[in-house]
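Next comes structure-v3.txt, a file with compact mmCIF, C-alpha atoms and all ligand atoms.
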# COMPACT_ATOMS: atom_id res chain seq x y z
CA MET A 1 19.61 11.04 9.32
CA ALA A 2 17.11 10.15 6.62
CA ASN A 3 13.99 8.24 7.53
CA ARG A 4 14.33 4.60 6.57
CA VAL A 5 11.09 3.29 5.16
CA LEU A 6 10.15 -0.33 4.55
CA VAL A 7 7.67 -0.72 1.69
CA LEU A 8 6.02 -4.15 1.66
CA TYR A 9 3.69 -5.32 -1.06
CA ALA A 10 1.46 -8.28 -1.94
CA THR A 11 0.65 -8.83 -5.60
CA ARG A 12 -0.56 -11.48 -8.02
CA ALA A 13 -0.07 -9.95 -11.46
CA GLY A 14 2.63 -7.37 -10.62
CA SER A 15 0.84 -4.00 -10.79
CA THR A 16 0.98 -3.51 -7.00
CA ARG A 17 4.71 -4.29 -7.03
CA GLU A 18 5.26 -1.59 -9.67
CA ILE A 19 3.30 0.93 -7.58
CA ALA A 20 5.30 -0.03 -4.47
CA GLU A 21 8.54 0.42 -6.45
CA SER A 22 7.48 3.83 -7.68
CA ILE A 23 6.61 4.87 -4.11
CA GLY A 24 10.05 3.57 -3.05
CA GLU A 25 11.73 5.68 -5.75
CA LEU A 26 9.85 8.82 -4.68
CA LEU A 27 10.82 8.21 -1.05
CA ASN A 28 14.47 7.80 -2.08
CA GLU A 29 14.36 10.95 -4.21
CA SER A 30 13.10 12.86 -1.17
CA GLY A 31 16.23 11.89 0.75
CA MET A 32 14.68 9.00 2.68
CA GLN A 33 15.97 5.45 2.33
CA ALA A 34 13.31 3.06 1.10
CA GLU A 35 13.53 -0.69 0.81
CA VAL A 36 10.82 -2.35 -1.27
CA LEU A 37 10.11 -6.03 -0.58
CA PRO A 38 7.36 -8.60 -1.11
CA VAL A 39 5.60 -8.99 2.24
CA LYS A 40 6.62 -12.65 2.37
CA LYS A 41 10.28 -11.57 2.58
CA ALA A 42 9.75 -9.15 5.48
CA ARG A 43 11.71 -10.01 8.60
CA SER A 44 11.84 -7.29 11.25
CA PHE A 45 11.27 -3.54 11.23
CA GLU A 46 14.04 -2.68 13.67
CA GLU A 47 16.23 -0.95 11.10
CA TYR A 48 13.37 1.19 9.77
CA ASP A 49 11.52 4.29 10.94
CA ALA A 50 8.26 3.79 9.06
CA VAL A 51 6.36 1.10 7.12
CA VAL A 52 4.22 1.27 3.98
CA LEU A 53 1.97 -1.70 3.17
CA GLY A 54 0.50 -2.16 -0.30
CA THR A 55 -1.80 -4.93 -1.43
CA ALA A 56 -3.81 -5.96 -4.47
CA VAL A 57 -7.53 -6.71 -4.13
CA ARG A 58 -9.19 -9.83 -5.55
CA MET A 59 -12.85 -10.67 -5.08
CA GLY A 60 -13.19 -7.77 -2.67
CA MET A 61 -10.45 -9.13 -0.46
CA LEU A 62 -6.89 -8.12 0.29
CA MET A 63 -4.11 -10.56 -0.48
CA PRO A 64 -4.18 -13.13 2.36
CA GLU A 65 -0.41 -13.01 2.93
CA MET A 66 -0.69 -9.28 3.72
CA VAL A 67 -3.60 -9.77 6.13
CA ARG A 68 -1.79 -12.67 7.84
CA PHE A 69 1.37 -10.60 8.15
CA ILE A 70 -0.46 -7.66 9.74
CA ARG A 71 -2.30 -9.91 12.21
CA LYS A 72 0.94 -11.61 13.21
CA LYS A 73 2.99 -8.42 13.48
CA LYS A 74 0.44 -5.96 14.81
CA SER A 75 2.26 -5.38 18.11
CA PRO A 76 5.62 -4.45 16.58
CA LEU A 77 3.84 -2.53 13.80
CA ALA A 78 2.06 -0.43 16.42
CA GLN A 79 5.45 1.09 17.30
CA TYR A 80 5.84 2.62 13.82
CA PRO A 81 4.04 5.08 11.61
CA VAL A 82 2.29 2.82 9.10
CA ALA A 83 0.64 3.81 5.80
CA ALA A 84 -1.32 1.41 3.60
CA PHE A 85 -2.67 1.32 0.08
CA ALA A 86 -4.88 -1.04 -1.87
CA VAL A 87 -4.85 -1.56 -5.64
CA CYS A 88 -8.10 -2.50 -7.33
CA CYS A 89 -10.12 -1.95 -10.49
CA SER A 90 -13.05 -0.33 -8.62
CA MET A 91 -11.06 2.90 -8.46
CA LYS A 92 -10.65 3.11 -12.22
CA LYS A 93 -13.95 4.76 -13.06
CA GLU A 94 -15.34 8.06 -11.95
CA ILE A 95 -18.34 6.23 -10.54
CA SER A 96 -18.87 7.12 -6.93
CA GLU A 97 -20.63 3.82 -5.98
CA HIS A 98 -17.53 1.90 -7.04
CA HIS A 99 -15.31 4.22 -5.07
CA LEU A 100 -17.63 3.82 -2.12
CA ALA A 101 -17.32 0.02 -2.35
CA ALA A 102 -13.53 0.36 -2.48
CA GLU A 103 -13.58 2.44 0.72
CA GLY A 104 -14.08 -0.75 2.71
CA PHE A 105 -11.17 -2.66 1.15
CA LEU A 106 -8.73 -1.47 3.79
CA ASP A 107 -11.03 -2.48 6.69
CA PRO A 108 -9.13 -5.70 7.49
CA ILE A 109 -6.00 -3.57 8.00
CA ARG A 110 -7.82 -0.76 9.85
CA ARG A 111 -9.20 -3.33 12.30
CA GLU A 112 -5.69 -4.43 13.29
CA ILE A 113 -3.55 -1.28 13.23
CA SER A 114 -3.95 2.46 13.00
CA LEU A 115 -2.77 4.06 9.78
CA ILE A 116 -1.25 7.49 9.29
CA SER A 117 -2.30 7.50 5.63
CA GLU A 118 -4.47 5.40 3.33
CA GLY A 119 -4.38 5.13 -0.45
CA LEU A 120 -6.81 3.53 -2.89
CA PHE A 121 -5.40 3.23 -6.37
CA ALA A 122 -6.72 1.91 -9.66
CA GLY A 123 -4.67 -1.04 -10.93
CA LYS A 124 -4.08 -2.89 -14.14
CA MET A 125 -5.93 -5.67 -15.91
CA ASP A 126 -3.92 -7.83 -18.26
CA TYR A 127 -5.77 -11.02 -19.18
CA LEU A 128 -2.54 -12.62 -20.43
CA LYS A 129 -1.14 -12.51 -16.91
CA LEU A 130 -4.11 -14.39 -15.46
CA GLY A 131 -4.62 -18.10 -15.13
CA PHE A 132 -7.75 -19.73 -16.53
CA PHE A 133 -9.75 -19.43 -13.30
CA ALA A 134 -8.79 -15.80 -12.60
CA ARG A 135 -9.66 -14.83 -16.19
CA PHE A 136 -13.03 -16.57 -15.85
CA ILE A 137 -13.78 -14.66 -12.61
CA VAL A 138 -12.76 -11.34 -14.13
CA LYS A 139 -14.92 -11.82 -17.20
CA LYS A 140 -17.97 -13.19 -15.39
CA MET A 141 -17.93 -11.41 -12.06
CA VAL A 142 -15.52 -8.48 -11.83
CA LYS A 143 -16.33 -7.51 -15.43
CA SER A 144 -13.29 -5.35 -15.83
CA PRO A 145 -11.95 -4.61 -19.30
CA GLU A 146 -8.24 -4.86 -20.00
CA GLY A 147 -6.12 -1.81 -19.48
CA ASP A 148 -3.61 -0.05 -17.30
CA PHE A 149 -5.72 2.23 -15.10
CA ARG A 150 -2.98 3.33 -12.74
CA ASP A 151 -3.00 7.07 -12.13
CA TRP A 152 0.68 7.77 -11.51
CA ARG A 153 -0.01 11.43 -10.73
CA LYS A 154 -2.38 10.41 -7.92
CA ILE A 155 0.15 7.89 -6.60
CA GLN A 156 2.83 10.57 -6.66
CA LYS A 157 0.63 13.08 -4.83
CA TRP A 158 -0.24 10.52 -2.16
CA THR A 159 3.44 9.68 -1.68
CA GLU A 160 4.43 13.34 -1.48
CA ALA A 161 1.83 13.93 1.22
CA LEU A 162 3.13 10.86 3.07
CA ILE A 163 6.71 12.15 2.82
CA GLU A 164 5.59 15.47 4.32
CA GLN A 165 3.87 13.63 7.16
CA LEU A 166 6.92 11.46 7.86
CA GLN A 167 9.24 14.46 7.77
CA ALA A 168 6.95 16.38 10.14
CA ASP A 169 7.00 13.37 12.49
CA GLN A 170 10.78 13.32 12.32
CA THR A 171 10.97 17.03 13.16
CA LYS A 172 8.62 16.42 16.10
CA GLU A 173 10.85 13.58 17.36
CA THR A 174 13.97 15.73 17.06
CA VAL A 175 12.29 18.49 19.06
CA ILE A 176 11.25 15.95 21.73
CA GLU A 177 14.77 14.46 21.80
CA LYS A 178 16.28 17.95 22.16
CA ALA A 179 13.81 18.81 24.90
CA GLU A 180 14.75 15.60 26.71
CA LEU A 181 18.43 16.46 26.40
CA VAL A 182 17.82 19.95 27.74
CA GLY A 183 15.74 18.49 30.57
CA ALA A 184 18.44 15.89 31.41
C1 LIG B 201 -9.46 -12.67 -10.20
C2 LIG B 201 -9.49 -11.20 -9.98
C3 LIG B 201 -10.41 -10.68 -9.08
C4 LIG B 201 -10.47 -9.29 -8.87
N1 LIG B 201 -11.39 -8.81 -8.01
C5 LIG B 201 -11.48 -7.46 -7.82
C6 LIG B 201 -12.47 -6.93 -6.94
O1 LIG B 201 -13.23 -7.66 -6.30
N2 LIG B 201 -12.56 -5.60 -6.82
C7 LIG B 201 -11.73 -4.75 -7.51
O2 LIG B 201 -11.88 -3.55 -7.39
N3 LIG B 201 -10.76 -5.23 -8.33
C8 LIG B 201 -10.62 -6.56 -8.51
N4 LIG B 201 -9.67 -7.06 -9.34
C9 LIG B 201 -8.76 -6.13 -10.02
C10 LIG B 201 -7.36 -6.11 -9.38
O3 LIG B 201 -7.45 -5.59 -8.08
C11 LIG B 201 -6.41 -5.30 -10.24
O4 LIG B 201 -6.24 -5.95 -11.47
C12 LIG B 201 -5.07 -5.08 -9.56
O5 LIG B 201 -4.30 -4.19 -10.36
C13 LIG B 201 -4.35 -6.38 -9.32
O6 LIG B 201 -3.14 -6.15 -8.66
P1 LIG B 201 -1.84 -7.01 -8.98
O7 LIG B 201 -1.47 -6.75 -10.43
O8 LIG B 201 -0.81 -6.48 -8.06
O9 LIG B 201 -2.15 -8.44 -8.71
C14 LIG B 201 -9.58 -8.42 -9.57
C15 LIG B 201 -8.65 -8.96 -10.44
C16 LIG B 201 -8.59 -10.33 -10.65
C17 LIG B 201 -7.57 -10.89 -11.60
If you convert what's in this file into structure tokens, what do you get?
Amino acid sequence: MANRVLVLYATRAGSTREIAESIGELLNESGMQAEVLPVKKARSFEEYDAVVLGTAVRMGMLMPEMVRFIRKKKSPLAQYPVAAFAVCCSMKKEISEHHLAAEGFLDPIRREISLISEGLFAGKMDYLKLGFFARFIVKKMVKSPEGDFRDWRKIQKWTEALIEQLQADQTKETVIEKAELVGA
């Protein structure tokens, strides 16, 4: 049976949702069954075999609803293979210091659960989608120009590697199950 994967995301302006949806599509195309939901709508993981968590970054921090969710659900999450990705503008330039800064964005998740794969993706900046305060912060502090910086090829490659990992895990489980049956 195909691996059922729950993809949960936390977004403010929608670019993380679109990345989560594209990951969901790639998982489905590979023969797995993905369900993509905002993290606030997540209930239980019982009907899934793996979980992918994706969150936007603002002011160097992950979306609080994602961090809260992981803290609350870390025991059940520990029973599943979990991958996580963060979406930020620091990844948009080929400037290694920015990438280095982005390396730490997933720390609040790493502290709570172990991850089988991590992704850091450049996002999108659309001033029209921001409220007055967010626009002020972006212009004065984040200093990001407008643009869609998402690298869909990179997102696809990351997802393909994840699919391979999940399929390898599944093969391992089948071998263990068979071995148990033989041993029984
Ligand atoms: C108010 C605000 C603060 C941001 N702060 C950061 C930041 O500290 N570091 C960063 O790399 N990107 C930052 N960004 C860029 C966002 O991470 C990027 O636009 C991302 O695509 C947003 O995801 P979303 O569309 O799912 O909300 C910020 C964006 C906004 C609007």
Exercise. Find the residues around A:Gln156 up to 12 Å (all atoms listed in the file counted), leave out those fewer than 5 positions away in its own chain, and share them as a list of chain:residue names.
Key: A:Ile19, A:Ala20, A:Glu21, A:Ser22, A:Ile23, A:Gly24, A:Glu25, A:Leu26, A:Leu27, A:Glu29, A:Ser30, A:Gly119, A:Phe121, A:Arg150, A:Asp151, A:Ala161, A:Leu162, A:Ile163
Write out as a Markdown table a residue-level contact list of chain A versus ligand LIG 201 (chain B) with cut-off 7 Å: for each qualifying residue the closest pair of atoms and the distance in Å to one decimal, counting all atoms listed in the file, rows sorted by chain and residue number upward.
| residue | atom | partner | partner_atom | distance |
| --- | --- | --- | --- | --- |
| A:Ala10 | CA | B:LIG201 | O8 | 6.8 |
| A:Thr11 | CA | B:LIG201 | O8 | 3.7 |
| A:Arg12 | CA | B:LIG201 | O9 | 3.5 |
| A:Ala13 | CA | B:LIG201 | O7 | 3.6 |
| A:Gly14 | CA | B:LIG201 | O7 | 4.2 |
| A:Ser15 | CA | B:LIG201 | O7 | 3.6 |
| A:Thr16 | CA | B:LIG201 | O8 | 3.6 |
| A:Arg17 | CA | B:LIG201 | O8 | 6.0 |
| A:Thr55 | CA | B:LIG201 | O8 | 6.9 |
| A:Ala56 | CA | B:LIG201 | O6 | 4.2 |
| A:Val57 | CA | B:LIG201 | O3 | 4.1 |
| A:Arg58 | CA | B:LIG201 | N1 | 3.5 |
| A:Met59 | CA | B:LIG201 | O1 | 3.3 |
| A:Gly60 | CA | B:LIG201 | O1 | 3.6 |
| A:Met61 | CA | B:LIG201 | O1 | 6.6 |
| A:Val87 | CA | B:LIG201 | C12 | 5.3 |
| A:Cys88 | CA | B:LIG201 | O3 | 3.2 |
| A:Cys89 | CA | B:LIG201 | O2 | 3.9 |
| A:Ser90 | CA | B:LIG201 | O2 | 3.6 |
| A:Met91 | CA | B:LIG201 | O2 | 6.6 |
| A:Ala102 | CA | B:LIG201 | O2 | 6.5 |
| A:Ala122 | CA | B:LIG201 | O5 | 6.6 |
| A:Gly123 | CA | B:LIG201 | O5 | 3.2 |
| A:Lys124 | CA | B:LIG201 | O5 | 4.0 |
| A:Met125 | CA | B:LIG201 | O4 | 4.5 |
| A:Leu130 | CA | B:LIG201 | C17 | 6.3 |
| A:Ala134 | CA | B:LIG201 | C1 | 4.0 |
| A:Arg135 | CA | B:LIG201 | C1 | 6.4 |
| A:Ile137 | CA | B:LIG201 | C1 | 5.3 |
| A:Val138 | CA | B:LIG201 | C2 | 5.3 |
| A:Val142 | CA | B:LIG201 | N1 | 5.6 |
Quiz item: Mind pulling up the distance from atom CA of A:Arg71 to atom CA of A:Glu46?
Solution: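 Taking atom CA of A:Glu46 and atom CA of A:Arg71, their separation equals 17.9 Å.
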Near-A:Leu166 list (12 Å; only C-alpha atoms; drop same-chain fewer than 2 positions) as a short mmCIF file (atom, residue, chain, number, x, y, z; two decimals) with C-alpha atoms, in the frame of the given file:
data_model
loop_
_atom_site.label_atom_id
_atom_site.label_comp_id
_atom_site.auth_asym_id
_atom_site.auth_seq_id
_atom_site.Cartn_x
_atom_site.Cartn_y
_atom_site.Cartn_z
CA ALA A 2 17.11 10.15 6.62
CA ASN A 3 13.99 8.24 7.53
CA ARG A 4 14.33 4.60 6.57
CA VAL A 5 11.09 3.29 5.16
CA LEU A 27 10.82 8.21 -1.05
CA SER A 30 13.10 12.86 -1.17
CA GLY A 31 16.23 11.89 0.75
CA MET A 32 14.68 9.00 2.68
CA ASP A 49 11.52 4.29 10.94
CA ALA A 50 8.26 3.79 9.06
CA VAL A 51 6.36 1.10 7.12
CA VAL A 52 4.22 1.27 3.98
CA TYR A 80 5.84 2.62 13.82
CA PRO A 81 4.04 5.08 11.61
CA VAL A 82 2.29 2.82 9.10
CA ALA A 83 0.64 3.81 5.80
CA ILE A 116 -1.25 7.49 9.29
CA SER A 117 -2.30 7.50 5.63
CA THR A 159 3.44 9.68 -1.68
CA GLU A 160 4.43 13.34 -1.48
CA ALA A 161 1.83 13.93 1.22
CA LEU A 162 3.13 10.86 3.07
CA ILE A 163 6.71 12.15 2.82
CA GLU A 164 5.59 15.47 4.32
CA ALA A 168 6.95 16.38 10.14
CA ASP A 169 7.00 13.37 12.49
CA GLN A 170 10.78 13.32 12.32
CA THR A 171 10.97 17.03 13.16
CA LYS A 172 8.62 16.42 16.10
CA GLU A 173 10.85 13.58 17.36
#
Self-check item: Which of A:Ala34, A:Glu47, A:Phe132, A:Lys40 sits closest to A:Pro64 [using all atoms listed in the file]
Solution: A:Lys40
Exercise. Take atom CA of A:Gly54 and atom CA of A:Leu115 and report the distance between them in Å, one decimal.
Key: 12.3 Å
Quiz item: Which value, in Å to one decimal, gives the distance between atom CA of A:Ile155 and atom CA of A:Lys92?
Solution: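 About the pair atom CA of A:Ile155 and atom CA of A:Lys92: they are 13.1 Å apart.
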Quiz item: Pick the closest to A:Leu77 from A:Lys157, A:Leu120, A:Leu6, A:His98: which is it, counting all atoms listed in the file?
Solution: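 Answer, going by the shortest atom-to-atom distance: A:Leu6.
The smallest atom-to-atom distance between A:Asp126 and any of A:Glu103, A:Ser114, A:Ile109, A:Glu146, using all atoms listed in the file, is found for A:Glu146.
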Practice problem: Can you work out which one of A:Gln33, A:Lys93, A:Tyr9, A:Ala84 has the shortest atom-to-atom distance to A:Phe149, counting all atoms listed in the file? | Solution: A:Lys93
